[in-house]
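Reading through the structure tokens given below for one structure.
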Amino acid sequence: MTRPSLRAAHECDLRLYHVTDSALSGGIGAVPAVVLAAVRGGAGMIQLRDKDATDADLVELVEECRRVLGAQLGARAAQIPLVVDDRLAVAEQTRCHLHVGQDDATPAYAREVLGPDLMIGLSTGTPAQVREALAAGEADLLGIGPIHSTATKTDAAAPLGIDGLTACLAPWHEAARTVGSPLPRTVAIGGIDETAAAPIAATGVEGICVVSQIAAAADPQAASARLLAAFTRGAGQASNSGRGPAGRPRIGHRIGHGIGQEDQA
Ligand SMILES: Cc1ncc(COP(=O)(O)OP(=O)(O)O)c(N)n1
Ligand SMILES: Cc1nc(C(=O)O)sc1CCOP(=O)(O)O
Ligand SMILES: [Mg+2]
């Protein structure tokens with residue numbers, strides 16, 4: 001039977017995933033408003049990432065984001081998963097989803113602590129790391145990056161470029177053809193702006209993960225809407241030309257239900 005967290009991952013609209021940056025947004029207190037704006041612009045998943053915040057600060061941030069999204073979006077807030085970066089204890093305390101890197105808690109350990117319901121994302125940056133993550137089977141989402149150079153993550157590896165992203169996706173595409181059960185979802189991260197979004201979408205990756213282009217934007221809602229439109233355009237062109245994601249077992253994956261789009265309807 002499919003693990004509930006993997007089922008949940010397949011329910012998400014991952015085309016645009018915003019990762020917060022308190023400094024770029026003007027302080028941790030400004031983050032909930034940016035999160036709301038990003039969601040209104042079409043972000044379907046949010047990660048709270050703040051290397052300087054204490055665990056207590058992050059617990060408060062999770063709670064405030066939940067409060068603001070609930071108050072402004074009502075029941076639709078439940079469609080937007082909140083993920084915390086790095087902090088297993090915060091995820092455990094708040095029952096928030098978690099993203100870990102290769103040097104953080106392992107997905108297997110995080111799974112032991114968090115149980116089968118909460119999603120676990122894992123960073124990957126090489127085909128071998130993607131292969132290993134698929135074999136281990138604990139991650140519900142793979143972040144692949146950095147695609148382009150980024151000033152946001154000071155210890156980021158060398159950029160993969162489109163060719164490197166394609167190489168990292170190859171084991172996933174191969175598994176999609178041969179494995180009978182649902183795979184972790186995939187998102188690209190690092191140096192992604194509006195121009196970069198369409199060529200990234202053409203690789204078949206399922207979403208883009210964006211920090212600075214939203215967190216530092218004068219209008220984060222409009223920036224999010226432009227990024228989502230660019231990614232969706234690129235994904236559409238790829239599938240029209242037969243270069244889209246490989247067929248694979250899917251479990252009720254929804255697409256095209258951006259909150260902002262519904263708000264504007
Ligand atoms: C979706 C997603 N992908 C990759 C990362 C990077 O995680 P990590 O390698 O642990 O680096 P830090 O973000 O902790 O600096 C991410 N956060 N999210
Ligand atoms: C948080 C993060 N992880 C990366 C990775 O390669 O794993 S790159 C990155 C920062 C992405 O920020 P921006 O959208 O501003 O370039
Ligand atoms: Mg980390």
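By convention here, the chains of the structure tokens are called A, B, ... in the order presented, each chain's residues are numbered starting at 1, and ligands are numbered starting at 1 in the order presented.
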
Contacts of segment 21-32 of chain A at 8 Å or less, counting only C-alpha atoms, minus same-chain residues fewer than 6 places along, as a list in words?
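Those residues are Leu48, Arg49, Asp50, Leu61, Glu64, Cys65, Val68, Val211, Ser212, Ala215 and Ala216 of chain A.
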
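Taking only C-alpha atoms and all ligand atoms into account, the residues that come within 9 Å of ligand 3 are Arg49, Asp85, Asp86, Arg87, His99, Val100, Gly101, Gln102, Asp103, Asp104, Ala105, Leu122 and Ser123 of chain A.
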
So which residues touch segment 150-162 of chain A within 8 Å, counting only C-alpha atoms, skipping near sequence neighbours fewer than 6 positions away, as a PyMOL selection string?
chain A and resi 125+190-191+199-200+203+211-212

Out of segment 10-255 of chain A, which residues get strand (DSSP E) from DSSP, as an NGL selection string?
:A and (16-19 or 45-48 or 82-85 or 97-100 or 120-124 or 141-144 or 185-189 or 208-210)

Now that the selection is made, can you save its residues with N, CA, C and O atoms as a tab-separated table (two decimals), in the first residue's frame?
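Dumped everything to part_37.tsv:
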chain	number	residue	atom	x	y	z
A	16	LEU	N	4.89	25.42	-8.66
A	16	LEU	CA	5.64	26.53	-8.06
A	16	LEU	C	5.68	26.31	-6.55
A	16	LEU	O	4.63	26.26	-5.89
A	17	TYR	N	6.89	26.17	-6.04
A	17	TYR	CA	7.13	25.87	-4.63
A	17	TYR	C	7.98	27.03	-4.11
A	17	TYR	O	9.10	27.23	-4.57
A	18	HIS	N	7.43	27.81	-3.19
A	18	HIS	CA	8.21	28.94	-2.65
A	18	HIS	C	8.91	28.55	-1.36
A	18	HIS	O	8.30	28.00	-0.44
A	19	VAL	N	10.20	28.84	-1.31
A	19	VAL	CA	11.00	28.66	-0.09
A	19	VAL	C	11.27	30.05	0.46
A	19	VAL	O	11.78	30.92	-0.26
A	45	MET	N	3.06	25.01	-2.73
A	45	MET	CA	3.76	24.45	-1.57
A	45	MET	C	4.71	25.52	-1.03
A	45	MET	O	5.26	26.30	-1.81
A	46	ILE	N	4.86	25.54	0.28
A	46	ILE	CA	5.69	26.56	0.93
A	46	ILE	C	6.68	25.88	1.87
A	46	ILE	O	6.29	25.00	2.65
A	47	GLN	N	7.93	26.31	1.79
A	47	GLN	CA	8.94	25.83	2.76
A	47	GLN	C	9.44	27.00	3.59
A	47	GLN	O	9.81	28.05	3.03
A	48	LEU	N	9.47	26.81	4.89
A	48	LEU	CA	9.97	27.84	5.79
A	48	LEU	C	11.44	27.55	6.06
A	48	LEU	O	11.78	26.52	6.66
A	82	LEU	N	2.79	23.11	4.33
A	82	LEU	CA	3.90	23.88	4.89
A	82	LEU	C	4.99	22.89	5.26
A	82	LEU	O	4.75	21.89	5.95
A	83	VAL	N	6.18	23.21	4.80
A	83	VAL	CA	7.35	22.34	4.99
A	83	VAL	C	8.36	23.15	5.79
A	83	VAL	O	8.50	24.35	5.56
A	84	VAL	N	9.07	22.53	6.72
A	84	VAL	CA	10.14	23.24	7.41
A	84	VAL	C	11.48	22.68	6.93
A	84	VAL	O	11.60	21.49	6.67
A	85	ASP	N	12.44	23.58	6.73
A	85	ASP	CA	13.76	23.17	6.26
A	85	ASP	C	14.64	22.76	7.44
A	85	ASP	O	14.73	23.50	8.44
A	97	HIS	N	5.53	19.26	7.50
A	97	HIS	CA	6.37	18.45	6.62
A	97	HIS	C	7.83	18.93	6.76
A	97	HIS	O	8.08	20.02	7.26
A	98	LEU	N	8.78	18.11	6.27
A	98	LEU	CA	10.20	18.41	6.49
A	98	LEU	C	10.99	18.28	5.19
A	98	LEU	O	10.72	17.37	4.39
A	99	HIS	N	11.97	19.18	4.99
A	99	HIS	CA	12.94	18.99	3.90
A	99	HIS	C	14.33	18.82	4.51
A	99	HIS	O	14.74	19.62	5.35
A	100	VAL	N	15.02	17.80	4.06
A	100	VAL	CA	16.40	17.57	4.55
A	100	VAL	C	17.36	17.51	3.36
A	100	VAL	O	16.99	17.11	2.26
A	120	ILE	N	8.39	14.02	3.46
A	120	ILE	CA	9.82	14.29	3.64
A	120	ILE	C	10.42	14.57	2.26
A	120	ILE	O	10.31	13.75	1.34
A	121	GLY	N	11.04	15.74	2.14
A	121	GLY	CA	11.75	16.11	0.91
A	121	GLY	C	13.23	15.91	1.13
A	121	GLY	O	13.73	16.05	2.24
A	122	LEU	N	13.93	15.57	0.05
A	122	LEU	CA	15.38	15.33	0.13
A	122	LEU	C	16.08	16.06	-1.01
A	122	LEU	O	15.65	15.98	-2.17
A	123	SER	N	17.19	16.75	-0.69
A	123	SER	CA	17.99	17.42	-1.73
A	123	SER	C	18.85	16.40	-2.45
A	123	SER	O	19.47	15.54	-1.81
A	124	THR	N	18.93	16.55	-3.76
A	124	THR	CA	19.82	15.72	-4.57
A	124	THR	C	20.52	16.62	-5.59
A	124	THR	O	19.94	17.63	-6.01
A	141	LEU	N	9.61	13.61	-1.99
A	141	LEU	CA	9.89	14.68	-2.94
A	141	LEU	C	11.41	14.83	-3.05
A	141	LEU	O	12.10	14.76	-2.04
A	142	LEU	N	11.90	15.00	-4.26
A	142	LEU	CA	13.33	15.23	-4.47
A	142	LEU	C	13.53	16.64	-4.99
A	142	LEU	O	12.96	17.03	-6.02
A	143	GLY	N	14.34	17.43	-4.28
A	143	GLY	CA	14.78	18.73	-4.78
A	143	GLY	C	16.06	18.49	-5.56
A	143	GLY	O	16.98	17.84	-5.04
A	144	ILE	N	16.14	18.97	-6.78
A	144	ILE	CA	17.33	18.76	-7.61
A	144	ILE	C	17.98	20.11	-7.88
A	144	ILE	O	17.33	21.03	-8.42
A	185	ARG	N	7.98	12.85	-6.02
A	185	ARG	CA	7.84	13.96	-6.96
A	185	ARG	C	9.19	14.64	-7.12
A	185	ARG	O	10.08	14.47	-6.29
A	186	THR	N	9.33	15.45	-8.16
A	186	THR	CA	10.61	16.12	-8.42
A	186	THR	C	10.42	17.63	-8.61
A	186	THR	O	9.48	18.05	-9.28
A	187	VAL	N	11.31	18.41	-8.01
A	187	VAL	CA	11.33	19.86	-8.25
A	187	VAL	C	12.78	20.29	-8.46
A	187	VAL	O	13.70	19.71	-7.90
A	188	ALA	N	12.92	21.33	-9.27
A	188	ALA	CA	14.25	21.91	-9.52
A	188	ALA	C	14.41	23.15	-8.66
A	188	ALA	O	13.44	23.87	-8.40
A	189	ILE	N	15.65	23.41	-8.23
A	189	ILE	CA	15.90	24.57	-7.35
A	189	ILE	C	17.24	25.21	-7.70
A	189	ILE	O	18.16	24.53	-8.16
A	208	ILE	N	9.16	24.05	-10.02
A	208	ILE	CA	10.32	24.88	-9.70
A	208	ILE	C	10.18	25.36	-8.27
A	208	ILE	O	9.09	25.69	-7.80
A	209	CYS	N	11.32	25.43	-7.62
A	209	CYS	CA	11.41	25.86	-6.25
A	209	CYS	C	12.15	27.20	-6.27
A	209	CYS	O	13.27	27.27	-6.78
A	210	VAL	N	11.53	28.24	-5.76
A	210	VAL	CA	12.07	29.59	-5.94
A	210	VAL	C	12.15	30.31	-4.60
A	210	VAL	O	11.16	30.34	-3.85

When you look at segment 3-8 of chain A with a cut-off of 10 Å (counting only C-alpha atoms), what residues show up, excluding the ones that are within fewer than 6 positions of it in the same chain? I need them as a ChimeraX atom specification.
/A:79,81,97,115-120,137-141,182-185,250-253

Between A:Val90, A:Ala77, A:Val59, A:Val130, which has the minimum distance to Val39 of chain A (counting only C-alpha atoms)?
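Among A:Val90, A:Ala77, A:Val59, A:Val130, it is A:Ala77 that comes nearest to Val39 of chain A.
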
Please compute the atom CA of Thr178 of chain A-atom CA of Thr126 of chain A distance, one decimal, in Å.
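Separating atom CA of Thr178 of chain A from atom CA of Thr126 of chain A is a distance of 20.5 Å.
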
Counting only C-alpha atoms and all ligand atoms, which of A:Ala75, A:Ile80, A:Ala37, A:Ala196 gets nearest to ligand 2?
A:Ala196

DSSP on the backbone: what in segment 43-166 of chain A comes out helix (DSSP H, G or I), as a VMD selection string?
chain A and resid 55 to 79 88 to 94 107 to 114 127 to 136 161 to 166
